[in-house]
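Trainee: Dropping the structure in here first, questions after.
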Amino acid sequence: MPMFFMSYARVPAPRLRDASQDPNRLVFQFFDELCADVARHANVSLEEAGFVERPGTSSENSINALFGCQVFVPLYSKRYFSNPQCGRQWTAVTDGATQGARPNIVPVLWTPYSPTALPKRVKDQYPEEPEGIGEAAEDYARHGLHRLLDERLDLTERSDPDDEQAAARVAQVTDWLARRIVDLAARVPRQSDSSGGRNPVRPMTLAGLDDAFADPPFASPLNITVLAPTETQLPVGRDDVLYGPGVADWRPYGPAVGPLVEQMKATARNLGFEPTVVPFHKIQAELHSTQPPTAPWILVVDPWALENTQMADHAREFDRVRRPWTAVLSTLSGDDAQTKEQSDRLRGLLTAHFPRFLSEGRAGEQEAVRGLAGADVFTRWFSELAVATKIRYLRYIHSQLSQNGGVVRGDPENGPDQPRRPDGGRDNGASSDGRRVEGRP
């Protein structure tokens, strides 16, 4: 496992002709130099020194490096704190999602960023000003490392005599950071690369983690009901490895991904919702009531649950009433041998219990009802349907209040309480004063 993991906000770079046009090239140049310094100070190989996710890097390798590193090195910038994937990486290393000891953090000031603008969960992690390197430390603290690297690149391209001074400043800051990483890495036990150890298995995706940088000013309610058996309610012959004492223990996509309930709650919070997992009977009356519902409602179904009479009745009732502020998702994992073997029969059960959602829903909604094969696609459709049901919920409330003479402010589709989309950003890389910014080709 690497000593340090470098986390950065990737600038999209489609159809590049060569590496010199890659807007992320300064990140990779800095990583290579930092990695060499760390390897030299720690007397380890370059591979053992550090890891950065480059184009084409597999998700498995990235997650293993993140969960096994001793030091986490985030490159602070406006773009970084607008990137949900970076926020999930931060959550992984700070909230105990990593297995074993948490890594130390050595933040790098990539572009100028005010301490007062940091997200709440990052407030105590502002980059330190290097000691003992004079003007180089002041330039770094004032302008950020991206600017120093950019100036060195420009001077190199013009063969300017000041090139040596610019290169020296970068080298001093990089070496100071490397020594800091080596020092902090020594305080964190190194994890084994072996998957046969006692460490718990690592998740295959970060999709179920919160974006640590998302700080919505509100939280919209979202009800989630799960129709899945516990280990004592399983149909005859069904393996219990994916189940537990309660519904919250259900792991349809395998132990590596973890409980689906936790994944849904984390995704919902990242979208700006306050999710509540409720038993069907607790809000069953809302399906038939003429009063405004308390929240949009998503029903998540394990098709094996439809062999249970009570759960099958709940599914039929949910479909028969089919309110506009409801949605259905079901799981049909391709990695579960029993589910794969029985897939045709299980799809038949879903078709028989949700005819209205299948016949009246849009193509994506129908796909979600028929069964989603993997954790990533489930998260994507859960996100889509959570937002869609909220919009329909707001429209329904709007229509009910209008009929009753109520007053509703704003357009439900464009109002201020729409959640931040999980892959949206607040920064397009532009500089307010026209200067060069990170990502400049």
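How things are named: the first chain in the structure tokens is A, the next is B, and so on; residues count from 1 in each chain; ligands count from 1 in the order shown.
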List every residue of segment 28-257 of chain A that DSSP, applied to the backbone, labels as strand (DSSP E), and write the result as number ranges by chain.
Mentor: A: 50-52, 71-76, 104-105, 108-109, 220-227
Trainee: Report as a PDB file with all heavy atoms, in the first residue's frame all protein, DNA and RNA residues lying within 10 Å of Val71 of chain A, evaluated on only C-alpha atoms, omitting residues in the same chain fewer than 6 positions from it.
Mentor:
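Result went into out.pdb, see below:
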ATOM      1  N   PRO A   2       0.430   2.327  -0.658  1.00  0.00           N
ATOM      2  CA  PRO A   2       1.242   3.546  -0.714  1.00  0.00           C
ATOM      3  C   PRO A   2       1.250   4.278   0.624  1.00  0.00           C
ATOM      4  O   PRO A   2       0.300   4.184   1.404  1.00  0.00           O
ATOM      5  CB  PRO A   2       0.534   4.377  -1.783  1.00  0.00           C
ATOM      6  CG  PRO A   2      -0.894   3.950  -1.683  1.00  0.00           C
ATOM      7  CD  PRO A   2      -0.837   2.474  -1.377  1.00  0.00           C
ATOM      8  N   MET A   3       2.324   5.023   0.868  1.00  0.00           N
ATOM      9  CA  MET A   3       2.379   5.844   2.072  1.00  0.00           C
ATOM     10  C   MET A   3       1.355   6.972   1.994  1.00  0.00           C
ATOM     11  O   MET A   3       0.700   7.294   2.973  1.00  0.00           O
ATOM     12  CB  MET A   3       3.783   6.412   2.254  1.00  0.00           C
ATOM     13  CG  MET A   3       4.835   5.369   2.603  1.00  0.00           C
ATOM     14  SD  MET A   3       6.481   6.094   2.803  1.00  0.00           S
ATOM     15  CE  MET A   3       6.213   7.096   4.258  1.00  0.00           C
ATOM     16  N   PHE A   4       1.229   7.584   0.811  1.00  0.00           N
ATOM     17  CA  PHE A   4       0.269   8.683   0.702  1.00  0.00           C
ATOM     18  C   PHE A   4      -0.615   8.517  -0.521  1.00  0.00           C
ATOM     19  O   PHE A   4      -0.232   7.903  -1.514  1.00  0.00           O
ATOM     20  CB  PHE A   4       0.976  10.050   0.687  1.00  0.00           C
ATOM     21  CG  PHE A   4       1.647  10.416  -0.614  1.00  0.00           C
ATOM     22  CD1 PHE A   4       0.960  11.098  -1.620  1.00  0.00           C
ATOM     23  CD2 PHE A   4       2.983  10.099  -0.830  1.00  0.00           C
ATOM     24  CE1 PHE A   4       1.577  11.460  -2.806  1.00  0.00           C
ATOM     25  CE2 PHE A   4       3.621  10.467  -2.010  1.00  0.00           C
ATOM     26  CZ  PHE A   4       2.917  11.136  -3.003  1.00  0.00           C
ATOM     27  N   PHE A   5      -1.821   9.049  -0.405  1.00  0.00           N
ATOM     28  CA  PHE A   5      -2.805   9.078  -1.496  1.00  0.00           C
ATOM     29  C   PHE A   5      -3.065  10.537  -1.830  1.00  0.00           C
ATOM     30  O   PHE A   5      -3.451  11.317  -0.955  1.00  0.00           O
ATOM     31  CB  PHE A   5      -4.105   8.404  -1.058  1.00  0.00           C
ATOM     32  CG  PHE A   5      -5.198   8.378  -2.107  1.00  0.00           C
ATOM     33  CD1 PHE A   5      -5.422   7.233  -2.861  1.00  0.00           C
ATOM     34  CD2 PHE A   5      -5.997   9.492  -2.337  1.00  0.00           C
ATOM     35  CE1 PHE A   5      -6.427   7.202  -3.823  1.00  0.00           C
ATOM     36  CE2 PHE A   5      -7.001   9.474  -3.294  1.00  0.00           C
ATOM     37  CZ  PHE A   5      -7.215   8.321  -4.039  1.00  0.00           C
ATOM     38  N   MET A   6      -2.829  10.932  -3.103  1.00  0.00           N
ATOM     39  CA  MET A   6      -3.081  12.315  -3.504  1.00  0.00           C
ATOM     40  C   MET A   6      -4.495  12.430  -4.066  1.00  0.00           C
ATOM     41  O   MET A   6      -4.873  11.714  -4.993  1.00  0.00           O
ATOM     42  CB  MET A   6      -2.063  12.793  -4.545  1.00  0.00           C
ATOM     43  CG  MET A   6      -2.275  14.241  -4.963  1.00  0.00           C
ATOM     44  SD  MET A   6      -1.010  14.827  -6.111  1.00  0.00           S
ATOM     45  CE  MET A   6       0.371  14.959  -4.988  1.00  0.00           C
ATOM     46  N   GLY A  50       3.737   6.668  -3.074  1.00  0.00           N
ATOM     47  CA  GLY A  50       2.477   7.393  -3.253  1.00  0.00           C
ATOM     48  C   GLY A  50       1.617   6.862  -4.371  1.00  0.00           C
ATOM     49  O   GLY A  50       2.046   6.040  -5.185  1.00  0.00           O
ATOM     50  N   VAL A  93     -11.702   8.841   4.588  1.00  0.00           N
ATOM     51  CA  VAL A  93     -10.505   8.850   5.440  1.00  0.00           C
ATOM     52  C   VAL A  93     -10.740   9.507   6.798  1.00  0.00           C
ATOM     53  O   VAL A  93      -9.930   9.350   7.704  1.00  0.00           O
ATOM     54  CB  VAL A  93      -9.318   9.557   4.732  1.00  0.00           C
ATOM     55  CG1 VAL A  93      -8.977   8.863   3.442  1.00  0.00           C
ATOM     56  CG2 VAL A  93      -9.598  11.029   4.485  1.00  0.00           C
ATOM     57  N   ARG A 102      -7.012   5.554  10.972  1.00  0.00           N
ATOM     58  CA  ARG A 102      -7.266   6.598   9.975  1.00  0.00           C
ATOM     59  C   ARG A 102      -5.948   7.236   9.565  1.00  0.00           C
ATOM     60  O   ARG A 102      -5.062   7.456  10.386  1.00  0.00           O
ATOM     61  CB  ARG A 102      -8.184   7.663  10.563  1.00  0.00           C
ATOM     62  CG  ARG A 102      -9.546   7.141  10.968  1.00  0.00           C
ATOM     63  CD  ARG A 102     -10.394   8.260  11.557  1.00  0.00           C
ATOM     64  NE  ARG A 102     -11.659   7.758  12.068  1.00  0.00           N
ATOM     65  CZ  ARG A 102     -12.559   8.517  12.665  1.00  0.00           C
ATOM     66  NH1 ARG A 102     -12.319   9.802  12.841  1.00  0.00           N
ATOM     67  NH2 ARG A 102     -13.689   8.006  13.094  1.00  0.00           N
ATOM     68  N   PRO A 103      -5.807   7.582   8.294  1.00  0.00           N
ATOM     69  CA  PRO A 103      -4.579   8.237   7.858  1.00  0.00           C
ATOM     70  C   PRO A 103      -4.518   9.678   8.354  1.00  0.00           C
ATOM     71  O   PRO A 103      -5.546  10.295   8.643  1.00  0.00           O
ATOM     72  CB  PRO A 103      -4.681   8.191   6.327  1.00  0.00           C
ATOM     73  CG  PRO A 103      -6.145   8.113   6.043  1.00  0.00           C
ATOM     74  CD  PRO A 103      -6.736   7.333   7.179  1.00  0.00           C
ATOM     75  N   ASN A 104      -3.299  10.198   8.476  1.00  0.00           N
ATOM     76  CA  ASN A 104      -3.123  11.616   8.742  1.00  0.00           C
ATOM     77  C   ASN A 104      -3.366  12.404   7.461  1.00  0.00           C
ATOM     78  O   ASN A 104      -3.375  11.834   6.361  1.00  0.00           O
ATOM     79  CB  ASN A 104      -1.709  11.883   9.265  1.00  0.00           C
ATOM     80  CG  ASN A 104      -1.567  11.484  10.732  1.00  0.00           C
ATOM     81  OD1 ASN A 104      -2.332  11.917  11.580  1.00  0.00           O
ATOM     82  ND2 ASN A 104      -0.590  10.637  11.030  1.00  0.00           N
ATOM     83  N   ILE A 105      -3.582  13.694   7.601  1.00  0.00           N
ATOM     84  CA  ILE A 105      -3.891  14.537   6.447  1.00  0.00           C
ATOM     85  C   ILE A 105      -2.825  15.618   6.307  1.00  0.00           C
ATOM     86  O   ILE A 105      -2.496  16.308   7.282  1.00  0.00           O
ATOM     87  CB  ILE A 105      -5.283  15.181   6.586  1.00  0.00           C
ATOM     88  CG1 ILE A 105      -6.355  14.100   6.671  1.00  0.00           C
ATOM     89  CG2 ILE A 105      -5.563  16.123   5.417  1.00  0.00           C
ATOM     90  CD1 ILE A 105      -7.756  14.628   6.916  1.00  0.00           C
ATOM     91  N   VAL A 106      -2.277  15.748   5.095  1.00  0.00           N
ATOM     92  CA  VAL A 106      -1.346  16.829   4.771  1.00  0.00           C
ATOM     93  C   VAL A 106      -1.948  17.605   3.606  1.00  0.00           C
ATOM     94  O   VAL A 106      -1.735  17.272   2.445  1.00  0.00           O
ATOM     95  CB  VAL A 106       0.049  16.294   4.399  1.00  0.00           C
ATOM     96  CG1 VAL A 106       0.961  17.452   3.975  1.00  0.00           C
ATOM     97  CG2 VAL A 106       0.673  15.552   5.571  1.00  0.00           C
ATOM     98  N   PRO A 107      -2.759  18.630   3.885  1.00  0.00           N
ATOM     99  CA  PRO A 107      -3.377  19.392   2.794  1.00  0.00           C
ATOM    100  C   PRO A 107      -2.356  20.265   2.082  1.00  0.00           C
ATOM    101  O   PRO A 107      -1.421  20.784   2.688  1.00  0.00           O
ATOM    102  CB  PRO A 107      -4.434  20.236   3.505  1.00  0.00           C
ATOM    103  CG  PRO A 107      -3.959  20.343   4.911  1.00  0.00           C
ATOM    104  CD  PRO A 107      -3.186  19.095   5.209  1.00  0.00           C
ATOM    105  N   ARG A 180       7.173  16.166   5.642  1.00  0.00           N
ATOM    106  CA  ARG A 180       5.995  16.173   6.504  1.00  0.00           C
ATOM    107  C   ARG A 180       5.211  14.862   6.349  1.00  0.00           C
ATOM    108  O   ARG A 180       4.745  14.273   7.325  1.00  0.00           O
ATOM    109  CB  ARG A 180       5.100  17.363   6.124  1.00  0.00           C
ATOM    110  CG  ARG A 180       3.873  17.531   6.980  1.00  0.00           C
ATOM    111  CD  ARG A 180       4.210  18.118   8.308  1.00  0.00           C
ATOM    112  NE  ARG A 180       3.007  18.396   9.077  1.00  0.00           N
ATOM    113  CZ  ARG A 180       2.892  18.127  10.372  1.00  0.00           C
ATOM    114  NH1 ARG A 180       3.900  17.577  11.027  1.00  0.00           N
ATOM    115  NH2 ARG A 180       1.786  18.426  11.018  1.00  0.00           N
ATOM    116  N   ILE A 181       5.057  14.390   5.123  1.00  0.00           N
ATOM    117  CA  ILE A 181       4.343  13.138   4.854  1.00  0.00           C
ATOM    118  C   ILE A 181       5.056  11.961   5.509  1.00  0.00           C
ATOM    119  O   ILE A 181       4.436  11.116   6.167  1.00  0.00           O
ATOM    120  CB  ILE A 181       4.216  12.918   3.327  1.00  0.00           C
ATOM    121  CG1 ILE A 181       3.210  13.912   2.735  1.00  0.00           C
ATOM    122  CG2 ILE A 181       3.786  11.481   3.026  1.00  0.00           C
ATOM    123  CD1 ILE A 181       3.198  13.939   1.221  1.00  0.00           C
ATOM    124  N   VAL A 182       6.364  11.900   5.346  1.00  0.00           N
ATOM    125  CA  VAL A 182       7.133  10.798   5.916  1.00  0.00           C
ATOM    126  C   VAL A 182       7.026  10.801   7.442  1.00  0.00           C
ATOM    127  O   VAL A 182       6.863   9.747   8.076  1.00  0.00           O
ATOM    128  CB  VAL A 182       8.606  10.875   5.470  1.00  0.00           C
ATOM    129  CG1 VAL A 182       9.454   9.837   6.210  1.00  0.00           C
ATOM    130  CG2 VAL A 182       8.709  10.665   3.960  1.00  0.00           C
ATOM    131  N   ASP A 183       7.087  11.982   8.033  1.00  0.00           N
ATOM    132  CA  ASP A 183       6.993  12.088   9.492  1.00  0.00           C
ATOM    133  C   ASP A 183       5.640  11.602   9.998  1.00  0.00           C
ATOM    134  O   ASP A 183       5.549  10.843  10.959  1.00  0.00           O
ATOM    135  CB  ASP A 183       7.234  13.539   9.912  1.00  0.00           C
ATOM    136  CG  ASP A 183       7.094  13.729  11.422  1.00  0.00           C
ATOM    137  OD1 ASP A 183       7.824  13.055  12.172  1.00  0.00           O
ATOM    138  OD2 ASP A 183       6.246  14.545  11.847  1.00  0.00           O
ATOM    139  N   LEU A 184       4.556  12.042   9.343  1.00  0.00           N
ATOM    140  CA  LEU A 184       3.212  11.649   9.793  1.00  0.00           C
ATOM    141  C   LEU A 184       2.905  10.191   9.464  1.00  0.00           C
ATOM    142  O   LEU A 184       2.156   9.531  10.193  1.00  0.00           O
ATOM    143  CB  LEU A 184       2.165  12.562   9.162  1.00  0.00           C
ATOM    144  CG  LEU A 184       2.171  14.017   9.659  1.00  0.00           C
ATOM    145  CD1 LEU A 184       1.129  14.837   8.917  1.00  0.00           C
ATOM    146  CD2 LEU A 184       1.916  14.075  11.162  1.00  0.00           C
ATOM    147  N   ALA A 185       3.463   9.677   8.358  1.00  0.00           N
ATOM    148  CA  ALA A 185       3.225   8.278   7.996  1.00  0.00           C
ATOM    149  C   ALA A 185       3.784   7.339   9.056  1.00  0.00           C
ATOM    150  O   ALA A 185       3.229   6.254   9.299  1.00  0.00           O
ATOM    151  CB  ALA A 185       3.850   7.973   6.637  1.00  0.00           C
ATOM    152  N   ALA A 186       4.859   7.772   9.698  1.00  0.00           N
ATOM    153  CA  ALA A 186       5.476   6.929  10.729  1.00  0.00           C
ATOM    154  C   ALA A 186       4.571   6.743  11.939  1.00  0.00           C
ATOM    155  O   ALA A 186       4.784   5.828  12.742  1.00  0.00           O
ATOM    156  CB  ALA A 186       6.805   7.541  11.157  1.00  0.00           C
ATOM    157  N   ARG A 187       3.569   7.589  12.078  1.00  0.00           N
ATOM    158  CA  ARG A 187       2.677   7.516  13.231  1.00  0.00           C
ATOM    159  C   ARG A 187       1.435   6.663  12.963  1.00  0.00           C
ATOM    160  O   ARG A 187       0.604   6.478  13.857  1.00  0.00           O
ATOM    161  CB  ARG A 187       2.236   8.918  13.639  1.00  0.00           C
ATOM    162  CG  ARG A 187       3.399   9.885  13.855  1.00  0.00           C
ATOM    163  CD  ARG A 187       2.898  11.272  14.186  1.00  0.00           C
ATOM    164  NE  ARG A 187       3.973  12.264  14.141  1.00  0.00           N
ATOM    165  CZ  ARG A 187       3.808  13.554  14.388  1.00  0.00           C
ATOM    166  NH1 ARG A 187       2.603  14.016  14.723  1.00  0.00           N
ATOM    167  NH2 ARG A 187       4.826  14.390  14.305  1.00  0.00           N
ATOM    168  N   VAL A 188       1.287   6.180  11.726  1.00  0.00           N
ATOM    169  CA  VAL A 188       0.115   5.383  11.358  1.00  0.00           C
ATOM    170  C   VAL A 188       0.573   3.984  10.964  1.00  0.00           C
ATOM    171  O   VAL A 188       1.438   3.845  10.101  1.00  0.00           O
ATOM    172  CB  VAL A 188      -0.651   6.028  10.170  1.00  0.00           C
ATOM    173  CG1 VAL A 188      -1.862   5.167   9.788  1.00  0.00           C
ATOM    174  CG2 VAL A 188      -1.085   7.440  10.527  1.00  0.00           C
TER     175      VAL A 188
END
Trainee: Set out as CSV a contact list for segment 318-341 of chain A and segment 259-269 of chain A with a cut-off of 12 Å, giving each residue of segment 318-341 of chain A that qualifies its closest atom pair and distance in Å to one decimal, counting only C-alpha atoms, ordered by chain and rising residue number.
Mentor:
residue,atom,partner,partner_atom,distance
A:Leu329,CA,A:Met264,CA,11.5
A:Ser330,CA,A:Leu260,CA,11.4
A:Thr331,CA,A:Leu260,CA,10.0
Trainee: Take the residues from that selection and put them in a file with all heavy atoms, as a JSON list (two decimals), in the first residue's frame.
Mentor:
[["chain", "number", "residue", "atom", "x", "y", "z"],
["A", 329, "LEU", "N", -38.00, 0.85, -6.70],
["A", 329, "LEU", "CA", -36.75, 0.29, -7.20],
["A", 329, "LEU", "C", -36.64, -1.14, -6.67],
["A", 329, "LEU", "O", -37.05, -1.42, -5.54],
["A", 329, "LEU", "CB", -35.53, 1.06, -6.71],
["A", 329, "LEU", "CG", -35.32, 2.49, -7.17],
["A", 329, "LEU", "CD1", -35.87, 3.45, -6.12],
["A", 329, "LEU", "CD2", -33.83, 2.76, -7.38],
["A", 330, "SER", "N", -36.10, -2.02, -7.48],
["A", 330, "SER", "CA", -35.86, -3.38, -6.99],
["A", 330, "SER", "C", -34.44, -3.80, -7.35],
["A", 330, "SER", "O", -33.82, -3.26, -8.27],
["A", 330, "SER", "CB", -36.88, -4.36, -7.58],
["A", 330, "SER", "OG", -36.72, -4.44, -8.99],
["A", 331, "THR", "N", -33.92, -4.76, -6.61],
["A", 331, "THR", "CA", -32.56, -5.25, -6.82],
["A", 331, "THR", "C", -32.62, -6.62, -7.48],
["A", 331, "THR", "O", -33.51, -7.43, -7.18],
["A", 331, "THR", "CB", -31.82, -5.36, -5.48],
["A", 331, "THR", "OG1", -32.49, -6.32, -4.65],
["A", 331, "THR", "CG2", -31.79, -4.02, -4.76]]
Trainee: Using only C-alpha atoms, pick whichever of A:Ala228, A:Met204, A:Ala386, A:Ala167 has the shortest atom-to-atom distance to Leu271 of chain A.
Mentor: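 Between A:Ala228, A:Met204, A:Ala386, A:Ala167, the residue approaching Leu271 of chain A most closely is A:Ala386.
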Trainee: Can you tell me how far atom CA of Gly254 of chain A sits from atom CA of Ser58 of chain A, in Å to one decimal?
Mentor: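 A separation of 19.6 Å between them.
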Trainee: Just how far from atom CA of Gln85 of chain A is atom CA of Leu222 of chain A, in Å to one decimal?
Mentor: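 About the pair atom CA of Leu222 of chain A and atom CA of Gln85 of chain A: they are 23.0 Å apart.
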Trainee: Using DSSP on the backbone, list every residue of segment 12-58 of chain A that comes out as helix (DSSP H, G or I), and give them as a list in words.
Mentor: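 Listing helix (DSSP H, G or I) positions across segment 12-58 of chain A yields Ala19, Ser20, Gln21, Arg25, Leu26, Val27, Phe28, Gln29, Phe30, Phe31, Asp32, Glu33, Leu34, Cys35, Ala36, Asp37, Val38, Ala39, Arg40, His41, Ala42, Leu46, Glu47, Glu48 and Ala49 of chain A.
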Trainee: Name the residues in contact with Tyr80 of chain A at a cut-off of 10 Å, using only C-alpha atoms, excluding same-chain residues fewer than 2 positions from it; report them as a ChimeraX atom specification.
Mentor: /A:7-10,74-78,82-87,110-111,213,425,427
